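> Just one file: final_6.cif, with mmCIF, C-alpha atoms.
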data_my_file
loop_
_atom_site.label_atom_id
_atom_site.label_comp_id
_atom_site.auth_asym_id
_atom_site.auth_seq_id
_atom_site.Cartn_x
_atom_site.Cartn_y
_atom_site.Cartn_z
CA MET A 25 -27.91 -1.19 -18.48
CA LYS A 26 -25.67 1.42 -16.88
CA PRO A 27 -22.14 1.86 -18.25
CA VAL A 28 -19.47 0.01 -16.27
CA ARG A 29 -16.52 2.01 -15.00
CA GLY A 30 -13.17 0.43 -15.77
CA SER A 31 -9.88 0.67 -13.92
CA ASP A 32 -8.81 3.50 -16.23
CA GLY A 33 -11.70 5.63 -14.91
CA GLU A 34 -13.57 5.68 -18.21
CA SER A 35 -17.09 4.33 -18.67
CA SER A 36 -17.43 1.56 -21.22
CA MET A 37 -20.20 -0.89 -22.12
CA ASP A 38 -17.42 -3.24 -23.32
CA LEU A 39 -16.69 -4.36 -19.72
CA ALA A 40 -20.20 -5.55 -18.89
CA HIS A 41 -19.42 -9.12 -19.98
CA LEU A 42 -16.84 -9.38 -17.13
CA ILE A 43 -18.87 -8.09 -14.18
CA GLU A 44 -20.03 -10.28 -11.28
CA THR A 45 -23.11 -9.19 -9.30
CA GLN A 46 -23.54 -9.88 -5.59
CA VAL A 47 -26.75 -11.74 -4.75
CA GLY A 48 -25.96 -12.70 -1.15
CA SER A 49 -23.37 -11.96 1.54
CA GLU A 50 -22.43 -13.46 4.89
CA GLU A 51 -19.82 -12.39 7.45
CA ILE A 52 -17.83 -15.46 8.51
CA LEU A 53 -15.13 -13.80 10.62
CA LYS A 54 -14.82 -10.46 12.40
CA GLY A 55 -11.34 -9.76 13.78
CA ASN A 56 -9.82 -6.71 15.43
CA PHE A 57 -9.51 -4.86 12.12
CA LEU A 58 -10.12 -7.48 9.41
CA GLN A 59 -13.37 -9.13 8.33
CA VAL A 60 -13.89 -12.16 6.12
CA ARG A 61 -17.03 -12.44 3.99
CA HIS A 62 -18.57 -15.25 1.97
CA ASP A 63 -20.59 -13.91 -0.95
CA THR A 64 -22.73 -15.50 -3.62
CA VAL A 65 -22.39 -13.82 -7.01
CA ARG A 66 -24.12 -14.06 -10.35
CA LEU A 67 -21.56 -14.55 -13.13
CA PRO A 68 -21.80 -12.89 -16.56
CA ASP A 69 -23.32 -16.09 -18.03
CA GLY A 70 -26.08 -16.13 -15.36
CA SER A 71 -24.67 -18.96 -13.26
CA HIS A 72 -23.79 -18.55 -9.58
CA ALA A 73 -20.48 -18.89 -7.73
CA THR A 74 -19.08 -18.09 -4.28
CA ARG A 75 -16.39 -15.60 -3.34
CA GLU A 76 -14.54 -15.43 -0.02
CA TYR A 77 -12.56 -12.28 0.64
CA VAL A 78 -11.04 -10.09 3.33
CA ILE A 79 -12.34 -6.60 4.11
CA HIS A 80 -9.36 -4.33 4.84
CA PRO A 81 -9.50 -0.65 5.90
CA GLY A 82 -6.74 0.42 3.53
CA ALA A 83 -3.17 1.50 4.16
CA VAL A 84 -0.34 3.78 3.12
CA MET A 85 3.29 3.22 2.14
CA ILE A 86 6.02 5.83 2.25
CA VAL A 87 9.02 6.08 -0.08
CA ALA A 88 11.12 8.43 2.03
CA GLN A 89 14.40 9.67 0.56
CA GLN A 90 17.18 11.46 2.38
CA ALA A 91 19.08 14.42 0.92
CA ASP A 92 21.90 12.09 -0.18
CA GLY A 93 19.42 9.90 -2.05
CA ARG A 94 19.36 7.02 0.41
CA LEU A 95 16.00 5.45 1.19
CA VAL A 96 14.47 4.83 4.60
CA LEU A 97 13.65 1.13 4.98
CA GLU A 98 12.58 -1.31 7.67
CA ARG A 99 13.24 -4.90 8.64
CA GLN A 100 10.24 -6.53 10.28
CA TYR A 101 9.23 -10.09 11.10
CA ARG A 102 6.02 -11.02 9.33
CA TYR A 103 4.36 -13.93 11.08
CA PRO A 104 2.21 -15.30 8.20
CA VAL A 105 5.30 -15.92 6.05
CA GLN A 106 7.66 -16.62 9.00
CA ARG A 107 10.32 -14.27 7.64
CA VAL A 108 12.05 -10.99 8.40
CA MET A 109 11.12 -8.79 5.46
CA ILE A 110 12.71 -5.66 4.00
CA GLU A 111 10.00 -3.08 3.41
CA PHE A 112 9.22 0.57 2.91
CA PRO A 113 7.49 2.09 5.98
CA ALA A 114 3.75 1.46 5.87
CA GLY A 115 0.65 1.17 8.02
CA LYS A 116 -3.11 0.90 7.99
CA LEU A 117 -5.58 3.76 8.00
CA ASP A 118 -7.37 4.50 11.26
CA PRO A 119 -11.15 5.09 11.02
CA GLY A 120 -11.82 8.49 9.45
CA GLU A 121 -8.12 9.21 8.93
CA GLY A 122 -6.93 10.93 5.77
CA SER A 123 -4.29 9.26 3.63
CA LEU A 124 -1.62 11.95 4.02
CA VAL A 125 -2.23 12.25 7.76
CA CYS A 126 -1.79 8.49 8.04
CA ALA A 127 1.43 8.58 6.00
CA GLN A 128 2.87 11.33 8.19
CA ARG A 129 1.88 9.50 11.36
CA GLU A 130 3.25 6.13 10.27
CA LEU A 131 6.56 7.57 9.09
CA LEU A 132 7.07 9.33 12.41
CA GLU A 133 5.89 6.45 14.61
CA GLU A 134 7.89 3.75 12.83
CA THR A 135 11.06 5.58 11.82
CA GLY A 136 11.20 8.85 13.78
CA TYR A 137 11.37 10.88 10.56
CA THR A 138 9.21 13.82 9.58
CA ALA A 139 9.19 15.21 6.04
CA ARG A 140 8.72 18.75 4.79
CA GLN A 141 7.54 17.71 1.30
CA TRP A 142 5.07 15.02 0.32
CA ALA A 143 3.72 13.71 -2.99
CA ARG A 144 1.05 11.07 -3.59
CA ALA A 145 2.24 8.78 -6.35
CA GLY A 146 -0.82 6.56 -6.73
CA VAL A 147 -2.55 3.51 -5.33
CA LEU A 148 -1.85 -0.22 -5.46
CA HIS A 149 -4.05 -3.24 -4.77
CA PRO A 150 -1.73 -5.93 -3.39
CA VAL A 151 -4.09 -8.92 -3.25
CA ILE A 152 -6.96 -8.34 -5.68
CA SER A 153 -8.03 -11.99 -5.70
CA TYR A 154 -9.09 -12.12 -2.04
CA SER A 155 -8.96 -8.71 -0.36
CA THR A 156 -10.34 -5.19 -0.66
CA GLU A 157 -7.00 -3.81 0.56
CA PHE A 158 -5.57 -0.76 -1.18
CA ILE A 159 -2.32 1.04 -0.37
CA ASP A 160 -1.76 4.70 -1.17
CA VAL A 161 1.83 5.30 -2.24
CA TRP A 162 3.44 8.46 -0.87
CA PHE A 163 6.88 9.95 -1.50
CA ALA A 164 8.54 12.06 1.18
CA ARG A 165 11.67 14.23 1.14
CA GLU A 166 13.46 16.93 3.15
CA LEU A 167 13.52 14.60 6.12
CA THR A 168 14.23 15.47 9.75
CA LYS A 169 15.17 12.72 12.22
CA GLY A 170 13.44 12.54 15.59
CA GLU A 171 12.22 9.94 18.05
CA ARG A 172 10.04 7.08 16.87
CA ASN A 173 7.06 5.79 18.82
CA LEU A 174 6.33 2.15 18.01
CA ASP A 175 3.02 0.54 18.88
CA THR A 176 2.94 -1.92 21.76
CA GLY A 177 4.15 -5.27 20.46
CA GLU A 178 5.75 -3.75 17.35
CA PHE A 179 9.41 -4.58 16.73
CA LEU A 180 11.31 -3.38 13.67
CA ASP A 181 14.71 -2.07 12.62
CA VAL A 182 15.10 1.12 10.60
CA PHE A 183 18.00 1.43 8.15
CA THR A 184 18.87 3.14 4.88
CA ALA A 185 19.99 1.91 1.48
CA SER A 186 20.74 3.45 -1.88
CA PRO A 187 18.25 2.97 -4.73
CA ALA A 188 20.82 0.74 -6.47
CA GLU A 189 21.15 -1.47 -3.40
CA LEU A 190 17.40 -1.81 -3.03
CA LEU A 191 16.98 -2.59 -6.72
CA ALA A 192 19.63 -5.32 -6.44
CA TRP A 193 17.81 -6.87 -3.48
CA CYS A 194 14.61 -6.91 -5.52
CA GLY A 195 16.45 -8.63 -8.35
CA ASN A 196 18.07 -11.34 -6.23
CA GLY A 197 14.98 -12.19 -4.21
CA GLN A 198 15.91 -10.58 -0.90
CA VAL A 199 12.92 -8.24 -1.29
CA THR A 200 9.67 -10.03 -2.07
CA ASP A 201 7.15 -7.72 -0.38
CA ALA A 202 4.64 -6.68 -3.05
CA LYS A 203 4.18 -3.09 -1.92
CA THR A 204 7.93 -2.50 -1.74
CA LEU A 205 8.45 -3.97 -5.20
CA THR A 206 5.75 -1.60 -6.49
CA GLY A 207 7.41 1.28 -4.66
CA VAL A 208 10.67 0.50 -6.43
CA LEU A 209 8.86 0.62 -9.78
CA TRP A 210 7.56 4.07 -8.92
CA LEU A 211 10.98 5.15 -7.65
CA GLN A 212 12.78 4.06 -10.81
CA ASN A 213 10.39 6.00 -13.02
CA VAL A 214 10.46 9.09 -10.81
CA LEU A 215 14.24 9.13 -10.70
CA SER A 216 14.45 8.69 -14.48
CA GLY A 217 12.01 11.54 -15.06
CA ALA A 218 9.46 9.28 -16.77
CA TRP A 219 6.85 9.82 -14.05
CA ALA A 220 6.26 13.21 -12.40
CA LEU A 221 5.19 13.88 -8.83
CA ASP A 222 3.14 16.79 -7.53
CA TRP A 223 4.99 17.81 -4.37
CA GLN A 224 3.32 19.72 -1.54
CA ILE A 225 4.64 21.32 1.63
CA ALA A 226 3.49 19.51 4.76
CA GLN A 227 1.37 21.61 7.06
CA ALA A 228 2.52 21.79 10.66
#
Would you give me this structure, written as structure tokens?

Amino acid sequence: MKPVRGSDGESSMDLAHLIETQVGSEEILKGNFLQVRHDTVRLPDGSHATREYVIHPGAVMIVAQQADGRLVLERQYRYPVQRVMIEFPAGKLDPGEGSLVCAQRELLEETGYTARQWARAGVLHPVISYSTEFIDVWFARELTKGERNLDTGEFLDVFTASPAELLAWCGNGQVTDAKTLTGVLWLQNVLSGAWALDWQIAQA
């Protein structure tokens, strides 16, 4: 049996007792950019079960900070939860698009900002129980304000808040978006010096 690669990137035979193996797969929905599949899997004990999950192309999120420390945020109505949500700027990857290119494009389109320096913090998986979605977390600084270019049918407000204000909103339940909560975790550790970022100059 081949070693199984864990989430920490190291190979270990100790994880083999947790792995499910696909034995059948059926597409049950194909939308404009999402697909839903119904798979049959063999469980570690040899029995079979079904798994339904969403195929997602992946996305990026941007923690953009102004020179005075304030953060660029958005308010956007999210239909599935019927609420206006406070979020960091984010968007899905286009086919063949690189993560940094996507982050630069989404920041400009949604907020009008460009950034001279960028750093990839890491990746998050917001809904591991039923989706393949991943979100690359980018930090941006040395911002320049320009004109935004929203997609047709896209409506959102752009505003700024201090890290302390955003943290308070997370604590009192005003912010419940999973990616934004994760972004705040990264932000806290970056600002405290516990986690380092590898900054790069954006190419024109």
> Give one line per residue of segment 51-167 of chain A that approaches segment 171-186 of chain A to at most 8 Å, naming the two atoms of the closest pair and their distance in Å to one decimal, counting all atoms listed in the file; sort by chain then ascending residue number and deliver it as CSV.

residue,atom,partner,partner_atom,distance
A:Gly93,CA,A:Ser186,CA,6.6
A:Arg94,CA,A:Ser186,CA,4.5
A:Leu95,CA,A:Thr184,CA,5.2
A:Val96,CA,A:Thr184,CA,4.7
A:Leu97,CA,A:Phe183,CA,5.4
A:Glu98,CA,A:Val182,CA,4.6
A:Arg99,CA,A:Asp181,CA,5.1
A:Gln100,CA,A:Leu180,CA,4.7
A:Tyr101,CA,A:Leu180,CA,7.5
A:Leu132,CA,A:Arg172,CA,5.8
A:Glu133,CA,A:Asn173,CA,4.4
A:Glu134,CA,A:Leu174,CA,5.6
A:Thr135,CA,A:Arg172,CA,5.4
A:Gly136,CA,A:Arg172,CA,3.7
A:Tyr137,CA,A:Arg172,CA,7.5
> Using all atoms listed in the file, find the one residue out of A:Val108, A:Ala83, A:Ile159, A:Pro113 that sits nearest to Cys126 of chain A.
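Ranking A:Val108, A:Ala83, A:Ile159, A:Pro113 by distance to Cys126 of chain A, first place goes to A:Ala83.
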> So, with only C-alpha atoms as the atoms that count, which of A:Ala188, A:Val60, A:Arg75, A:Phe112 lies closest to Gly48 of chain A?
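So, comparing all the options, the nearest one is A:Arg75.
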> Would you mind reading off the distance between atom CA of Leu117 of chain A and atom CA of Ser49 of chain A, one decimal, in Å?
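According to the coordinates, atom CA of Leu117 of chain A and atom CA of Ser49 of chain A are separated by 24.6 Å.
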> How would you write, as a PyMOL selection string, the residues chosen by the PyMOL selection byres ((chain A and resi 76-80) around 9) on this structure?
chain A and resi 57-64+74-75+81-83+116+153-158
> Once you have the residues from the selection above, write them out as a short mmCIF file (atom, residue, chain, number, x, y, z; two decimals), keeping the file's coordinate frame, restricted to C-alpha atoms.

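out.cif, freshly written:
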data_model
loop_
_atom_site.label_atom_id
_atom_site.label_comp_id
_atom_site.auth_asym_id
_atom_site.auth_seq_id
_atom_site.Cartn_x
_atom_site.Cartn_y
_atom_site.Cartn_z
CA PHE A 57 -9.51 -4.86 12.12
CA LEU A 58 -10.12 -7.48 9.41
CA GLN A 59 -13.37 -9.13 8.33
CA VAL A 60 -13.89 -12.16 6.12
CA ARG A 61 -17.03 -12.44 3.99
CA HIS A 62 -18.57 -15.25 1.97
CA ASP A 63 -20.59 -13.91 -0.95
CA THR A 64 -22.73 -15.50 -3.62
CA THR A 74 -19.08 -18.09 -4.28
CA ARG A 75 -16.39 -15.60 -3.34
CA PRO A 81 -9.50 -0.65 5.90
CA GLY A 82 -6.74 0.42 3.53
CA ALA A 83 -3.17 1.50 4.16
CA LYS A 116 -3.11 0.90 7.99
CA SER A 153 -8.03 -11.99 -5.70
CA TYR A 154 -9.09 -12.12 -2.04
CA SER A 155 -8.96 -8.71 -0.36
CA THR A 156 -10.34 -5.19 -0.66
CA GLU A 157 -7.00 -3.81 0.56
CA PHE A 158 -5.57 -0.76 -1.18
#
> To one decimal in Å, tell me the separation between atom CA of Asp222 of chain A and atom CA of Ala143 of chain A.
5.5 Å
> With 4 Å of padding per side, what axis-aligned box (centre and edge lengths, Å, one decimal) covers all the listed atoms of segment 169-186 of chain A? Give it as AutoDock Vina command-line options.

--center_x 11.8 --center_y 3.7 --center_z 9.9 --size_x 25.8 --size_y 26.0 --size_z 31.6
> Counting all atoms listed in the file, which residue out of A:Asn56, A:Leu167, A:Asp118, A:Cys194 sits closest to Ala91 of chain A?
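The answer is A:Leu167, which sits nearest to Ala91 of chain A.
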> Could you state the separation of atom CA of Ala145 of chain A and atom CA of Leu42 of chain A in Å, given to one decimal place?
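Pair atom CA of Ala145 of chain A / atom CA of Leu42 of chain A returns 28.5 Å.
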> Could you tell me which residues the PyMOL selection byres ((chain A and resi 220) around 12) returns for this structure, as a PyMOL selection string?
chain A and resi 143-146+163+210-219+221-223
> Please provide the set of residues having any atom within 9 Å of Ala127 of chain A, restricted to all atoms listed in the file, with same-chain residues fewer than 2 positions apart removed, written as a ChimeraX atom specification.
/A:83-86,113-115,117,122-125,129-132,160-162
> Given the choices A:Pro104, A:Glu50, A:Gly120, A:Glu44, which gets closest to Ala73 of chain A if the distance is worked out from only C-alpha atoms?
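Smallest distance to Ala73 of chain A is found for A:Glu44.
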> Find, counting only C-alpha atoms, the residue in A:Val208, A:Ile152, A:Leu190, A:Ala139 that gets nearest to Gln227 of chain A.
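Once distances to Gln227 of chain A are computed over only C-alpha atoms, the minimum belongs to A:Ala139.
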> Using all atoms listed in the file, pick whichever of A:Arg140, A:Val105, A:Asp201, A:Asp38 has the shortest atom-to-atom distance to Lys169 of chain A.
A:Arg140
